[in-house]
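Student: Input structure: model.pdb, which contains PDB, C-alpha atoms and all ligand atoms.
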```
ATOM      1  CA  MET E   1     164.608 135.531 129.239
ATOM      2  CA  ASN E   2     160.968 135.416 130.235
ATOM      3  CA  LYS E   3     158.841 138.527 129.861
ATOM      4  CA  PHE E   4     156.545 137.412 132.655
ATOM      5  CA  LYS E   5     157.733 136.026 135.959
ATOM      6  CA  ARG E   6     154.497 135.192 137.775
ATOM      7  CA  ILE E   7     151.563 134.108 135.682
ATOM      8  CA  LEU E   8     147.905 133.573 136.349
ATOM      9  CA  LEU E   9     146.768 131.065 133.762
ATOM     10  CA  LYS E  10     143.029 130.721 133.213
ATOM     11  CA  VAL E  11     142.202 127.302 131.780
ATOM     12  CA  GLY E  12     138.585 126.821 130.716
ATOM     13  CA  GLY E  13     136.879 123.545 131.532
ATOM     14  CA  GLU E  14     136.665 122.854 127.785
ATOM     15  CA  SER E  15     140.419 122.210 127.729
ATOM     16  CA  MET E  16     139.780 119.071 129.782
ATOM     17  CA  LEU E  17     137.301 117.634 127.260
ATOM     18  CA  GLY E  18     139.615 116.133 124.647
ATOM     19  CA  ASP E  19     137.265 114.608 122.067
ATOM     20  CA  ARG E  20     134.456 114.188 124.543
ATOM     21  CA  GLU E  21     131.316 116.279 124.758
ATOM     22  CA  TYR E  22     131.154 116.135 128.521
ATOM     23  CA  GLY E  23     133.464 115.451 131.449
ATOM     24  CA  ILE E  24     137.172 114.909 131.806
ATOM     25  CA  ASP E  25     139.538 113.172 129.411
ATOM     26  CA  PRO E  26     142.651 112.205 131.408
ATOM     27  CA  GLN E  27     144.753 112.498 128.237
ATOM     28  CA  ALA E  28     143.581 116.097 127.750
ATOM     29  CA  ALA E  29     144.453 116.798 131.396
ATOM     30  CA  LEU E  30     147.951 115.444 130.715
ATOM     31  CA  GLU E  31     148.254 117.697 127.680
ATOM     32  CA  VAL E  32     147.304 120.755 129.732
ATOM     33  CA  ALA E  33     149.794 119.643 132.386
ATOM     34  CA  GLY E  34     152.487 119.362 129.703
ATOM     35  CA  LYS E  35     151.932 122.984 128.646
ATOM     36  CA  ILE E  36     152.164 124.115 132.255
ATOM     37  CA  LYS E  37     155.290 122.035 132.828
ATOM     38  CA  ALA E  38     156.981 123.726 129.872
ATOM     39  CA  ILE E  39     156.638 127.212 131.350
ATOM     40  CA  HIS E  40     157.381 125.962 134.853
ATOM     41  CA  ASP E  41     160.641 124.508 133.496
ATOM     42  CA  LEU E  42     161.440 127.959 132.096
ATOM     43  CA  GLY E  43     161.343 129.283 135.654
ATOM     44  CA  ALA E  44     157.924 130.935 135.581
ATOM     45  CA  GLN E  45     155.822 130.934 138.735
ATOM     46  CA  VAL E  46     152.426 129.591 137.722
ATOM     47  CA  ALA E  47     149.024 129.904 139.349
ATOM     48  CA  VAL E  48     146.253 128.167 137.407
ATOM     49  CA  ILE E  49     142.588 128.916 137.779
ATOM     50  CA  ILE E  50     140.463 126.199 136.308
ATOM     51  CA  GLY E  51     136.901 126.492 134.978
ATOM     52  CA  GLY E  52     134.112 123.937 135.042
ATOM     53  CA  GLY E  53     132.236 124.412 131.769
ATOM     54  CA  ASN E  54     132.976 120.835 130.636
ATOM     55  CA  ILE E  55     130.856 119.590 133.530
ATOM     56  CA  PHE E  56     128.436 122.214 134.756
ATOM     57  CA  ARG E  57     127.759 125.935 134.332
ATOM     58  CA  GLY E  58     125.505 127.746 136.763
ATOM     59  CA  LEU E  59     123.721 129.793 134.138
ATOM     60  CA  ALA E  60     122.716 126.693 132.170
ATOM     61  CA  GLY E  61     121.550 124.987 135.374
ATOM     62  CA  SER E  62     119.419 127.955 136.369
ATOM     63  CA  LYS E  63     117.807 128.016 132.901
ATOM     64  CA  ASN E  64     116.744 124.442 133.599
ATOM     65  CA  GLY E  65     115.028 125.482 136.805
ATOM     66  CA  ILE E  66     117.706 125.213 139.524
ATOM     67  CA  ASP E  67     118.044 128.228 141.811
ATOM     68  CA  ARG E  68     120.855 130.366 140.305
ATOM     69  CA  ALA E  69     123.010 130.499 143.422
ATOM     70  CA  THR E  70     122.635 126.744 143.976
ATOM     71  CA  ALA E  71     123.518 126.114 140.339
ATOM     72  CA  ASP E  72     126.586 128.360 140.650
ATOM     73  CA  TYR E  73     127.799 126.432 143.704
ATOM     74  CA  MET E  74     127.356 123.268 141.629
ATOM     75  CA  GLY E  75     129.472 124.900 138.928
ATOM     76  CA  MET E  76     132.156 125.651 141.514
ATOM     77  CA  LEU E  77     132.162 121.987 142.535
ATOM     78  CA  ALA E  78     132.736 121.110 138.874
ATOM     79  CA  THR E  79     135.876 123.277 138.892
ATOM     80  CA  VAL E  80     137.165 121.345 141.924
ATOM     81  CA  MET E  81     136.830 118.077 139.999
ATOM     82  CA  ASN E  82     138.812 119.586 137.129
ATOM     83  CA  GLY E  83     141.367 120.904 139.607
ATOM     84  CA  MET E  84     141.818 117.421 141.057
ATOM     85  CA  ALA E  85     142.275 115.934 137.590
ATOM     86  CA  LEU E  86     144.808 118.614 136.669
ATOM     87  CA  ALA E  87     146.733 118.180 139.935
ATOM     88  CA  ASP E  88     146.861 114.448 139.259
ATOM     89  CA  ALA E  89     148.125 115.070 135.719
ATOM     90  CA  LEU E  90     150.778 117.532 136.956
ATOM     91  CA  GLU E  91     152.028 115.057 139.530
ATOM     92  CA  LYS E  92     152.222 112.367 136.859
ATOM     93  CA  SER E  93     154.264 114.844 134.828
ATOM     94  CA  ASP E  94     156.669 115.329 137.777
ATOM     95  CA  VAL E  95     155.554 118.881 138.513
ATOM     96  CA  GLU E  96     155.075 119.658 142.177
ATOM     97  CA  CYS E  97     151.741 121.385 142.696
ATOM     98  CA  ARG E  98     149.179 122.351 145.320
ATOM     99  CA  LEU E  99     145.430 122.333 144.803
ATOM    100  CA  PHE E 100     143.439 125.060 146.503
ATOM    101  CA  SER E 101     139.696 125.477 146.707
ATOM    102  CA  ALA E 102     137.836 128.677 147.497
ATOM    103  CA  LEU E 103     135.178 126.453 149.090
ATOM    104  CA  ARG E 104     136.094 124.393 152.139
ATOM    105  CA  MET E 105     136.679 120.726 151.370
ATOM    106  CA  GLU E 106     139.842 119.864 153.235
ATOM    107  CA  GLN E 107     139.868 116.198 152.268
ATOM    108  CA  VAL E 108     140.493 117.020 148.636
ATOM    109  CA  ALA E 109     141.970 120.532 148.458
ATOM    110  CA  GLU E 110     143.613 123.133 150.703
ATOM    111  CA  PHE E 111     141.306 126.029 151.549
ATOM    112  CA  PHE E 112     142.562 129.046 149.600
ATOM    113  CA  VAL E 113     144.709 131.303 151.757
ATOM    114  CA  ARG E 114     146.534 134.042 149.858
ATOM    115  CA  GLY E 115     149.753 133.939 151.885
ATOM    116  CA  ARG E 116     150.033 130.179 151.487
ATOM    117  CA  ALA E 117     149.481 130.369 147.764
ATOM    118  CA  ILE E 118     152.235 132.988 147.458
ATOM    119  CA  LYS E 119     154.627 130.843 149.519
ATOM    120  CA  HIS E 120     153.995 127.854 147.268
ATOM    121  CA  LEU E 121     154.596 129.984 144.184
ATOM    122  CA  GLU E 122     157.845 131.305 145.628
ATOM    123  CA  ARG E 123     158.938 127.739 146.347
ATOM    124  CA  GLY E 124     158.391 126.823 142.725
ATOM    125  CA  ARG E 125     155.178 124.840 143.116
ATOM    126  CA  VAL E 126     152.403 125.217 140.614
ATOM    127  CA  VAL E 127     149.296 126.467 142.398
ATOM    128  CA  ILE E 128     145.883 125.397 141.127
ATOM    129  CA  ILE E 129     142.913 127.387 142.350
ATOM    130  CA  SER E 130     139.508 125.778 142.083
ATOM    131  CA  ALA E 131     136.011 126.984 143.050
ATOM    132  CA  GLY E 132     136.800 130.391 141.545
ATOM    133  CA  THR E 133     135.948 133.147 143.998
ATOM    134  CA  GLY E 134     133.872 130.909 146.261
ATOM    135  CA  VAL E 135     130.774 133.023 145.666
ATOM    136  CA  PRO E 136     127.950 132.678 143.111
ATOM    137  CA  TYR E 137     126.809 135.030 140.316
ATOM    138  CA  VAL E 138     130.296 135.294 138.830
ATOM    139  CA  THR E 139     132.474 132.946 136.797
ATOM    140  CA  THR E 140     136.078 131.797 136.954
ATOM    141  CA  ASP E 141     137.057 134.807 134.795
ATOM    142  CA  THR E 142     136.334 136.999 137.798
ATOM    143  CA  GLY E 143     138.222 134.509 139.955
ATOM    144  CA  ALA E 144     141.146 134.806 137.532
ATOM    145  CA  SER E 145     141.324 138.599 137.751
ATOM    146  CA  LEU E 146     140.839 138.699 141.540
ATOM    147  CA  HIS E 147     143.401 135.987 142.258
ATOM    148  CA  GLY E 148     145.732 137.359 139.584
ATOM    149  CA  LEU E 149     145.725 140.698 141.376
ATOM    150  CA  GLU E 150     146.023 139.445 144.925
ATOM    151  CA  LEU E 151     148.853 137.055 143.987
ATOM    152  CA  HIS E 152     150.682 139.951 142.266
ATOM    153  CA  CYS E 153     150.822 138.164 138.937
ATOM    154  CA  ASP E 154     152.427 140.025 136.020
ATOM    155  CA  VAL E 155     149.838 138.861 133.537
ATOM    156  CA  LEU E 156     146.541 137.013 133.256
ATOM    157  CA  MET E 157     146.815 134.483 130.446
ATOM    158  CA  LYS E 158     143.442 133.419 129.200
ATOM    159  CA  ALA E 159     143.552 130.204 127.196
ATOM    160  CA  THR E 160     140.864 130.097 124.491
ATOM    161  CA  LYS E 161     139.981 128.059 121.409
ATOM    162  CA  VAL E 162     141.226 130.805 119.087
ATOM    163  CA  ASN E 163     144.701 132.305 119.116
ATOM    164  CA  GLY E 164     143.684 135.776 120.248
ATOM    165  CA  VAL E 165     141.010 138.225 119.247
ATOM    166  CA  TYR E 166     140.249 138.630 115.531
ATOM    167  CA  GLU E 167     138.490 141.406 113.619
ATOM    168  CA  ALA E 168     135.947 138.775 112.459
ATOM    169  CA  ASP E 169     135.328 135.127 113.307
ATOM    170  CA  PRO E 170     138.405 133.372 111.804
ATOM    171  CA  MET E 171     136.416 130.117 111.512
ATOM    172  CA  LYS E 172     133.996 131.888 109.146
ATOM    173  CA  ASP E 173     136.400 134.348 107.523
ATOM    174  CA  PRO E 174     139.914 132.900 107.039
ATOM    175  CA  LYS E 175     141.205 136.342 105.999
ATOM    176  CA  ALA E 176     140.226 137.899 109.325
ATOM    177  CA  ARG E 177     143.255 139.487 110.995
ATOM    178  CA  ARG E 178     144.318 139.074 114.595
ATOM    179  CA  TYR E 179     144.568 141.985 116.989
ATOM    180  CA  LYS E 180     148.127 142.123 118.297
ATOM    181  CA  THR E 181     147.159 144.570 121.029
ATOM    182  CA  LEU E 182     143.883 145.951 122.348
ATOM    183  CA  THR E 183     142.992 148.682 124.793
ATOM    184  CA  TYR E 184     140.762 147.486 127.627
ATOM    185  CA  GLN E 185     138.041 149.780 126.348
ATOM    186  CA  ASP E 186     138.087 148.155 122.905
ATOM    187  CA  ALA E 187     138.290 144.697 124.461
ATOM    188  CA  ILE E 188     135.209 145.396 126.569
ATOM    189  CA  LEU E 189     133.238 146.929 123.699
ATOM    190  CA  MET E 190     134.295 144.369 121.046
ATOM    191  CA  GLU E 191     131.162 143.362 119.168
ATOM    192  CA  GLY E 192     130.240 139.697 119.018
ATOM    193  CA  VAL E 193     133.309 138.588 121.028
ATOM    194  CA  GLU E 194     133.297 138.080 124.745
ATOM    195  CA  ILE E 195     136.936 137.980 125.709
ATOM    196  CA  MET E 196     136.191 137.787 129.419
ATOM    197  CA  ASP E 197     133.425 138.936 131.747
ATOM    198  CA  THR E 198     133.185 142.713 131.537
ATOM    199  CA  ALA E 199     133.556 143.066 135.301
ATOM    200  CA  ALA E 200     136.722 140.954 135.245
ATOM    201  CA  LEU E 201     138.238 143.007 132.421
ATOM    202  CA  ALA E 202     137.312 146.277 134.110
ATOM    203  CA  MET E 203     139.015 145.072 137.287
ATOM    204  CA  CYS E 204     142.172 144.284 135.325
ATOM    205  CA  GLN E 205     142.061 147.727 133.713
ATOM    206  CA  GLU E 206     141.611 149.574 136.990
ATOM    207  CA  ASN E 207     144.450 147.695 138.652
ATOM    208  CA  ASN E 208     146.849 147.374 135.732
ATOM    209  CA  LEU E 209     146.819 143.619 135.184
ATOM    210  CA  PRO E 210     147.522 142.891 131.499
ATOM    211  CA  VAL E 211     145.524 140.127 129.835
ATOM    212  CA  MET E 212     146.911 137.830 127.145
ATOM    213  CA  VAL E 213     144.338 135.911 125.089
ATOM    214  CA  PHE E 214     145.817 132.928 123.248
ATOM    215  CA  LYS E 215     145.235 129.373 122.103
ATOM    216  CA  LEU E 216     146.609 126.785 124.519
ATOM    217  CA  PHE E 217     146.631 123.771 122.200
ATOM    218  CA  ASP E 218     148.808 125.229 119.509
ATOM    219  CA  GLU E 219     152.392 124.066 119.607
ATOM    220  CA  ASN E 220     154.374 126.049 122.156
ATOM    221  CA  ASN E 221     152.025 128.999 122.350
ATOM    222  CA  LEU E 222     152.080 129.251 126.115
ATOM    223  CA  THR E 223     155.871 129.135 126.208
ATOM    224  CA  LYS E 224     156.044 131.775 123.489
ATOM    225  CA  ALA E 225     153.557 133.966 125.350
ATOM    226  CA  VAL E 226     155.628 133.762 128.530
ATOM    227  CA  LYS E 227     158.724 134.785 126.586
ATOM    228  CA  GLY E 228     156.823 137.762 125.148
ATOM    229  CA  GLU E 229     156.722 136.561 121.536
ATOM    230  CA  ASP E 230     154.019 137.880 119.231
ATOM    231  CA  ILE E 231     151.197 135.408 119.643
ATOM    232  CA  GLY E 232     147.593 135.951 120.698
ATOM    233  CA  THR E 233     146.243 139.337 121.722
ATOM    234  CA  TYR E 234     147.685 141.480 124.487
ATOM    235  CA  VAL E 235     145.234 143.731 126.341
ATOM    236  CA  ALA E 236     146.842 146.330 128.573
ATOM    237  CA  ASN E 237     147.000 149.956 129.642
ATOM    238  CA  GLY E 238     149.476 151.908 127.580
ATOM    239  CA  VAL E 239     148.959 149.994 124.333
ATOM    240  CA  LYS E 240     146.982 151.060 121.248
ATOM    241  CA  THR E 241     144.543 148.820 119.452
ATOM    242  CA  GLU E 242     146.590 147.386 116.561
ATOM    243  CA  LEU E 243     146.182 144.520 114.126
ATOM    244  CA  ALA E 244     149.039 142.040 113.672
TER
HETATM  245  N1  LIG E 301     131.273 129.791 139.440
HETATM  246  C1  LIG E 301     130.788 130.653 140.407
HETATM  247  N2  LIG E 301     131.661 131.500 141.040
HETATM  248  C2  LIG E 301     132.987 131.539 140.733
HETATM  249  C3  LIG E 301     133.472 130.672 139.737
HETATM  250  C4  LIG E 301     132.593 129.799 139.108
HETATM  251  O1  LIG E 301     129.607 130.671 140.692
HETATM  252  O2  LIG E 301     133.725 132.333 141.334
HETATM  253  C5  LIG E 301     130.369 128.790 138.821
HETATM  254  C6  LIG E 301     129.515 129.385 137.692
HETATM  255  O3  LIG E 301     128.252 128.759 137.737
HETATM  256  C7  LIG E 301     130.258 128.935 136.450
HETATM  257  C8  LIG E 301     130.763 127.572 136.858
HETATM  258  O4  LIG E 301     131.118 127.741 138.229
HETATM  259  O5  LIG E 301     129.418 128.840 135.334
HETATM  260  C9  LIG E 301     131.933 127.052 136.086
HETATM  261  O6  LIG E 301     132.879 128.061 135.845
HETATM  262  P1  LIG E 301     133.071 128.760 134.414
HETATM  263  O7  LIG E 301     131.765 128.918 133.728
HETATM  264  O8  LIG E 301     133.867 129.992 134.628
HETATM  265  O9  LIG E 301     133.943 127.667 133.665
HETATM  266  P2  LIG E 301     134.683 127.771 132.257
HETATM  267  O10 LIG E 301     133.771 128.489 131.288
HETATM  268  O11 LIG E 301     135.921 128.553 132.470
HETATM  269  O12 LIG E 301     134.959 126.353 131.892
END
```
Could you spell out this file's structure in structure tokens?
Ligand code: UDP

Tutor:
Amino acid sequence: MNKFKRILLKVGGESMLGDREYGIDPQAALEVAGKIKAIHDLGAQVAVIIGGGNIFRGLAGSKNGIDRATADYMGMLATVMNGMALADALEKSDVECRLFSALRMEQVAEFFVRGRAIKHLERGRVVIISAGTGVPYVTTDTGASLHGLELHCDVLMKATKVNGVYEADPMKDPKARRYKTLTYQDAILMEGVEIMDTAALAMCQENNLPVMVFKLFDENNLTKAVKGEDIGTYVANGVKTELA
């Protein structure tokens, strides 16, 4: 029995890197697709929002002298490329999916329309949303919370490199313990760890969308998370901040 029925999965661009330093590794895309297929096979409705950090981030571009808004639009285009690669990988894995873009580019992706996305989800198709919110000065984290809310998802699952939020950096301190649950307030104020953009987390708090932070490339973590097993860190209203 799944704990969550409709899931908004945020996949960072880094997940598409494989062993590369830049760009898309088709094998990594297939691995991500495999994780998605596993929860789709369990009957979960899955909307995926994909980042673009493996190709281009607006903030980095603007530091190099490109106008910030222009750089952010470039970042959004990067997420569309990742979305195309992920859609390709899902199809190769026999998972029916639809690629949306919040920017118009009909030749490669359907323009995001909420009602259509919901219909696809109800029909059992995986929905990939690229180009985030379609506006600059935010990141795909904000896209994840906005789309997660408007698509009435039960949870926002944020895939990261670490399996949840730890009291200290587990790479530096192997004894550091994982937070099993966190209040939004503690998640926002957590020192030295940026779980998600503050605005995105605040939006989740205000509108009651729980956030699960977990490591995607760790066995069946995503499947376990969907079933409600104790992995990662669960941020929600009505929970106390507790270590595992
Ligand atoms: N971006 C944007 N608006 C959005 C989503 C993304 O301007 O709604 C731009 C922004 O420049 C961002 C880039 O696209 O840096 C890539 O997205 P993100 O950094 O979220 O990718 P991730 O870190 O998840 O790989």

Student: Using only C-alpha atoms, find each residue of region 27-138 of chain E with at least one atom at most 12 Å away from an atom of region 17-20 of chain E; report its shortest atom-to-atom pair and that distance in Å (one decimal), sort the rows by chain and rising residue number, and return the result as a tab-separated table.

Tutor:
```
residue	atom	partner	partner_atom	distance
E:Gln27	CA	E:Gly18	CA	7.2
E:Ala28	CA	E:Gly18	CA	5.0
E:Ala29	CA	E:Leu17	CA	8.3
E:Leu30	CA	E:Gly18	CA	10.3
E:Glu31	CA	E:Gly18	CA	9.3
E:Val32	CA	E:Gly18	CA	10.3
E:Gly51	CA	E:Leu17	CA	11.8
E:Gly52	CA	E:Leu17	CA	10.5
E:Gly53	CA	E:Leu17	CA	9.6
E:Asn54	CA	E:Leu17	CA	6.4
E:Ile55	CA	E:Leu17	CA	9.2
E:Asn82	CA	E:Leu17	CA	10.2
E:Ala85	CA	E:Leu17	CA	11.6
```

Student: Select, from E:Glu91, E:Asp230, E:Glu14, E:Glu206, the residue with the minimum atom-to-atom distance to Lys161 (chain E), counting all atoms listed in the file.

Tutor: E:Glu14

Student: Find the residue from E:Val235, E:Val127, E:Ile7, E:Met74 that sits nearest to ligand LIG 301 (chain E); use only C-alpha atoms and all ligand atoms when measuring.

Tutor: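 Closest residue, counting only C-alpha atoms and all ligand atoms: E:Met74.
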
Student: Give me, as a compact mmCIF listing (two decimals) with C-alpha atoms, in the frame of the given file, all polymer residues having an atom no more than 6 Å from Val165 (chain E), counting all atoms listed in the file and skipping those fewer than 4 positions away in the same chain.

Tutor:
```
# COMPACT_ATOMS: atom_id res chain seq x y z
CA ARG E 178 144.32 139.07 114.60
CA TYR E 179 144.57 141.99 116.99
CA THR E 233 146.24 139.34 121.72
```

Student: Just give me the gap between atom C7 of ligand LIG 301 (chain E) and CA of Glu194 (chain E) in Å, one decimal is fine.

Tutor: 15.2 Å

Student: Around ligand LIG 301 (chain E), with edges along x, y and z and 8 Å added on all six sides, what centre and edge lengths do you get, in Å to one decimal, as JSON?

Tutor:
```
{"center_x": 132.1, "center_y": 129.3, "center_z": 136.3, "size_x": 23.7, "size_y": 22.0, "size_z": 26.0}
```

Student: Name the residues captured by the PyMOL selection byres (((chain E and resi 118-120) around 10) and not hetatm) when it is applied to the shown file; answer as a short mmCIF file (atom, residue, chain, number, x, y, z; two decimals) with C-alpha atoms, in the coordinates of the input.

Tutor:
```cif
data_model
loop_
_atom_site.label_atom_id
_atom_site.label_comp_id
_atom_site.auth_asym_id
_atom_site.auth_seq_id
_atom_site.Cartn_x
_atom_site.Cartn_y
_atom_site.Cartn_z
CA GLN E 45 155.82 130.93 138.74
CA VAL E 46 152.43 129.59 137.72
CA ALA E 47 149.02 129.90 139.35
CA GLU E 96 155.07 119.66 142.18
CA CYS E 97 151.74 121.38 142.70
CA ARG E 98 149.18 122.35 145.32
CA VAL E 113 144.71 131.30 151.76
CA ARG E 114 146.53 134.04 149.86
CA GLY E 115 149.75 133.94 151.88
CA ARG E 116 150.03 130.18 151.49
CA ALA E 117 149.48 130.37 147.76
CA LEU E 121 154.60 129.98 144.18
CA GLU E 122 157.84 131.30 145.63
CA ARG E 123 158.94 127.74 146.35
CA GLY E 124 158.39 126.82 142.72
CA ARG E 125 155.18 124.84 143.12
CA VAL E 126 152.40 125.22 140.61
CA VAL E 127 149.30 126.47 142.40
CA GLU E 150 146.02 139.44 144.93
CA LEU E 151 148.85 137.06 143.99
CA HIS E 152 150.68 139.95 142.27
#
```

Student: Name each residue within 7 Å of ligand LIG 301 (chain E), counting only C-alpha atoms and all ligand atoms, as a PyMOL selection string.

Tutor: chain E and resi 11-14+50-54+56-59+71-76+78-79+131-143

Student: Rounded to one decimal place, report the CA of Gly228 (chain E)-CA of Leu209 (chain E) distance in Å.

Tutor: 15.3 Å

Student: Could you tell me which of E:Gly83, E:Gly232, E:Gly192, E:Gly148 comes closest to Arg177 (chain E) if we count all atoms listed in the file?

Tutor: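 When distances to Arg177 (chain E) are compared using all atoms listed in the file, the smallest one comes from E:Gly232.
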
Student: I'd like the neighbourhood of Val226 (chain E) as a PyMOL selection string, where a residue qualifies if any of its atoms comes within 8 Å (using all atoms listed in the file), though same-chain residues fewer than 2 positions away should be ignored.

Tutor: chain E and resi 2-4+39+44+222-224+228-229
